[in-house]
Amino acid sequence: GRSGASPIGTVAAWKTEAFRAGKNKAVCWDVYQRYVKWCKEQNASPATFTQFDFELCEAGVQKITEGRGSYYIGVEI
């Protein structure tokens with residue numbers, strides 16, 4: 001790896017360690033901010049929101065759009 005660079009905080013690692021499933025829906029951006037905070041705690045660089053969103057959806061997290069907001073289903077924050 002590159003010397004001095006923080007490792008990327010992978011979405012998969014976050015989902016395994018810090019993701020909390022639940023019955024609610026959560027604003028996508030709020031979930032992303034929780035991920036960014038986790039990355040900082042790990043001394044890792046967060047993925048972009050676009051990458052985060054793509055990987056969560058690829059991992060099977062449902063996403064809906066209502067009005068102007070986007071939400072993940074079954075996520076607690």
# chains A, B, ... in the order shown; residues from 1 in each chain; ligands from 1
call {"tool": "select_by_dssp", "arguments": {"residues": "chain A", "states": "strand (DSSP E or B)", "output": "number ranges by chain"}}
result
A: 8-9, 20-27, 45-46, 63-66, 69-76
call {"tool": "residues_around", "arguments": {"residues": "Ala18 (chain A)", "least_positions_apart": "4", "cutoff": "12 Å", "atoms": "only C-alpha atoms", "output": "MDAnalysis selection string"}}
result
chainID A and resid 9:14 31:32 34:39 41:42 75:77
call {"tool": "residues_around", "arguments": {"residues": "Cys57 (chain A)", "least_positions_apart": "5", "cutoff": "12 Å", "atoms": "only C-alpha atoms", "output": "JSON, numbers by chain"}}
result
{"A": [11, 12, 15, 28, 50, 51, 52, 62, 63, 64, 71, 72, 73]}
call {"tool": "select_by_dssp", "arguments": {"residues": "chain A", "states": "helix (DSSP H, G or I)", "output": "MDAnalysis selection string"}}
result
chainID A and resid 11:17 28:41 49:58
call {"tool": "atom_distance", "arguments": {"atom1": "CA of Gly69 (chain A)", "atom2": "CA of Trp29 (chain A)"}}
result
9.4 Å
call {"tool": "atom_distance", "arguments": {"atom1": "CA of Ser70 (chain A)", "atom2": "CA of Ala26 (chain A)"}}
result
8.4 Å
call {"tool": "decode", "arguments": {"residues": "chain A", "atoms": "C-alpha atoms", "output": "PDB file, in the first residue's frame"}}
result
ATOM      1  CA  GLY A   1       0.000   0.000   0.000  1.00  0.00           C
ATOM      2  CA  ARG A   2       0.914   3.656  -0.085  1.00  0.00           C
ATOM      3  CA  SER A   3       2.884   4.810   2.905  1.00  0.00           C
ATOM      4  CA  GLY A   4       1.124   7.280   5.156  1.00  0.00           C
ATOM      5  CA  ALA A   5      -2.280   6.801   3.542  1.00  0.00           C
ATOM      6  CA  SER A   6      -5.250   5.748   5.612  1.00  0.00           C
ATOM      7  CA  PRO A   7      -6.903   2.515   4.575  1.00  0.00           C
ATOM      8  CA  ILE A   8     -10.288   2.922   2.973  1.00  0.00           C
ATOM      9  CA  GLY A   9     -13.068   2.124   5.413  1.00  0.00           C
ATOM     10  CA  THR A  10     -14.909  -0.493   3.423  1.00  0.00           C
ATOM     11  CA  VAL A  11     -18.659  -0.491   3.368  1.00  0.00           C
ATOM     12  CA  ALA A  12     -18.632  -4.271   3.827  1.00  0.00           C
ATOM     13  CA  ALA A  13     -16.593  -3.965   7.029  1.00  0.00           C
ATOM     14  CA  TRP A  14     -18.912  -1.272   8.351  1.00  0.00           C
ATOM     15  CA  LYS A  15     -21.955  -3.332   7.487  1.00  0.00           C
ATOM     16  CA  THR A  16     -20.492  -6.320   9.336  1.00  0.00           C
ATOM     17  CA  GLU A  17     -19.357  -4.399  12.414  1.00  0.00           C
ATOM     18  CA  ALA A  18     -21.600  -1.377  12.846  1.00  0.00           C
ATOM     19  CA  PHE A  19     -24.719  -1.774  10.713  1.00  0.00           C
ATOM     20  CA  ARG A  20     -27.868  -2.119  12.794  1.00  0.00           C
ATOM     21  CA  ALA A  21     -30.873  -3.728  11.205  1.00  0.00           C
ATOM     22  CA  GLY A  22     -34.296  -2.678  12.395  1.00  0.00           C
ATOM     23  CA  LYS A  23     -37.884  -2.129  11.397  1.00  0.00           C
ATOM     24  CA  ASN A  24     -37.554   1.519  10.534  1.00  0.00           C
ATOM     25  CA  LYS A  25     -36.521   3.416   7.463  1.00  0.00           C
ATOM     26  CA  ALA A  26     -33.600   5.804   7.702  1.00  0.00           C
ATOM     27  CA  VAL A  27     -32.574   8.742   5.534  1.00  0.00           C
ATOM     28  CA  CYS A  28     -29.761   7.552   3.250  1.00  0.00           C
ATOM     29  CA  TRP A  29     -27.552  10.545   3.993  1.00  0.00           C
ATOM     30  CA  ASP A  30     -27.935  10.031   7.760  1.00  0.00           C
ATOM     31  CA  VAL A  31     -26.852   6.408   7.427  1.00  0.00           C
ATOM     32  CA  TYR A  32     -23.872   7.545   5.351  1.00  0.00           C
ATOM     33  CA  GLN A  33     -22.879  10.079   8.016  1.00  0.00           C
ATOM     34  CA  ARG A  34     -22.919   7.287  10.595  1.00  0.00           C
ATOM     35  CA  TYR A  35     -20.587   5.312   8.307  1.00  0.00           C
ATOM     36  CA  VAL A  36     -18.257   8.323   7.887  1.00  0.00           C
ATOM     37  CA  LYS A  37     -18.078   8.704  11.672  1.00  0.00           C
ATOM     38  CA  TRP A  38     -17.225   5.001  12.008  1.00  0.00           C
ATOM     39  CA  CYS A  39     -14.455   5.374   9.405  1.00  0.00           C
ATOM     40  CA  LYS A  40     -12.914   8.254  11.357  1.00  0.00           C
ATOM     41  CA  GLU A  41     -12.952   6.109  14.495  1.00  0.00           C
ATOM     42  CA  GLN A  42     -11.117   3.396  12.522  1.00  0.00           C
ATOM     43  CA  ASN A  43      -8.620   5.922  11.127  1.00  0.00           C
ATOM     44  CA  ALA A  44      -9.864   5.046   7.667  1.00  0.00           C
ATOM     45  CA  SER A  45     -10.907   7.153   4.698  1.00  0.00           C
ATOM     46  CA  PRO A  46     -14.617   6.802   3.941  1.00  0.00           C
ATOM     47  CA  ALA A  47     -15.888   5.772   0.546  1.00  0.00           C
ATOM     48  CA  THR A  48     -17.887   8.392  -1.328  1.00  0.00           C
ATOM     49  CA  PHE A  49     -21.634   8.514  -0.766  1.00  0.00           C
ATOM     50  CA  THR A  50     -22.178   7.176  -4.291  1.00  0.00           C
ATOM     51  CA  GLN A  51     -19.941   4.181  -3.621  1.00  0.00           C
ATOM     52  CA  PHE A  52     -21.490   3.640  -0.174  1.00  0.00           C
ATOM     53  CA  ASP A  53     -24.991   3.717  -1.633  1.00  0.00           C
ATOM     54  CA  PHE A  54     -24.070   1.357  -4.460  1.00  0.00           C
ATOM     55  CA  GLU A  55     -22.428  -1.166  -2.143  1.00  0.00           C
ATOM     56  CA  LEU A  56     -25.256  -1.145   0.405  1.00  0.00           C
ATOM     57  CA  CYS A  57     -27.813  -1.729  -2.325  1.00  0.00           C
ATOM     58  CA  GLU A  58     -25.618  -4.469  -3.825  1.00  0.00           C
ATOM     59  CA  ALA A  59     -25.525  -6.062  -0.364  1.00  0.00           C
ATOM     60  CA  GLY A  60     -29.298  -6.284  -0.415  1.00  0.00           C
ATOM     61  CA  VAL A  61     -30.358  -3.254   1.582  1.00  0.00           C
ATOM     62  CA  GLN A  62     -33.636  -1.943   0.162  1.00  0.00           C
ATOM     63  CA  LYS A  63     -33.865   1.697  -0.825  1.00  0.00           C
ATOM     64  CA  ILE A  64     -36.960   3.749  -1.534  1.00  0.00           C
ATOM     65  CA  THR A  65     -37.572   7.295  -2.673  1.00  0.00           C
ATOM     66  CA  GLU A  66     -40.439   9.266  -1.189  1.00  0.00           C
ATOM     67  CA  GLY A  67     -40.925  12.819  -2.356  1.00  0.00           C
ATOM     68  CA  ARG A  68     -37.468  14.380  -2.316  1.00  0.00           C
ATOM     69  CA  GLY A  69     -35.993  11.944   0.193  1.00  0.00           C
ATOM     70  CA  SER A  70     -34.260   8.617  -0.220  1.00  0.00           C
ATOM     71  CA  TYR A  71     -34.461   6.033   2.536  1.00  0.00           C
ATOM     72  CA  TYR A  72     -32.961   2.675   3.353  1.00  0.00           C
ATOM     73  CA  ILE A  73     -35.488   0.182   4.691  1.00  0.00           C
ATOM     74  CA  GLY A  74     -34.828  -1.894   7.782  1.00  0.00           C
ATOM     75  CA  VAL A  75     -31.989   0.195   9.140  1.00  0.00           C
ATOM     76  CA  GLU A  76     -31.557   1.659  12.628  1.00  0.00           C
ATOM     77  CA  ILE A  77     -29.365   4.691  13.169  1.00  0.00           C
TER      78      ILE A  77
END
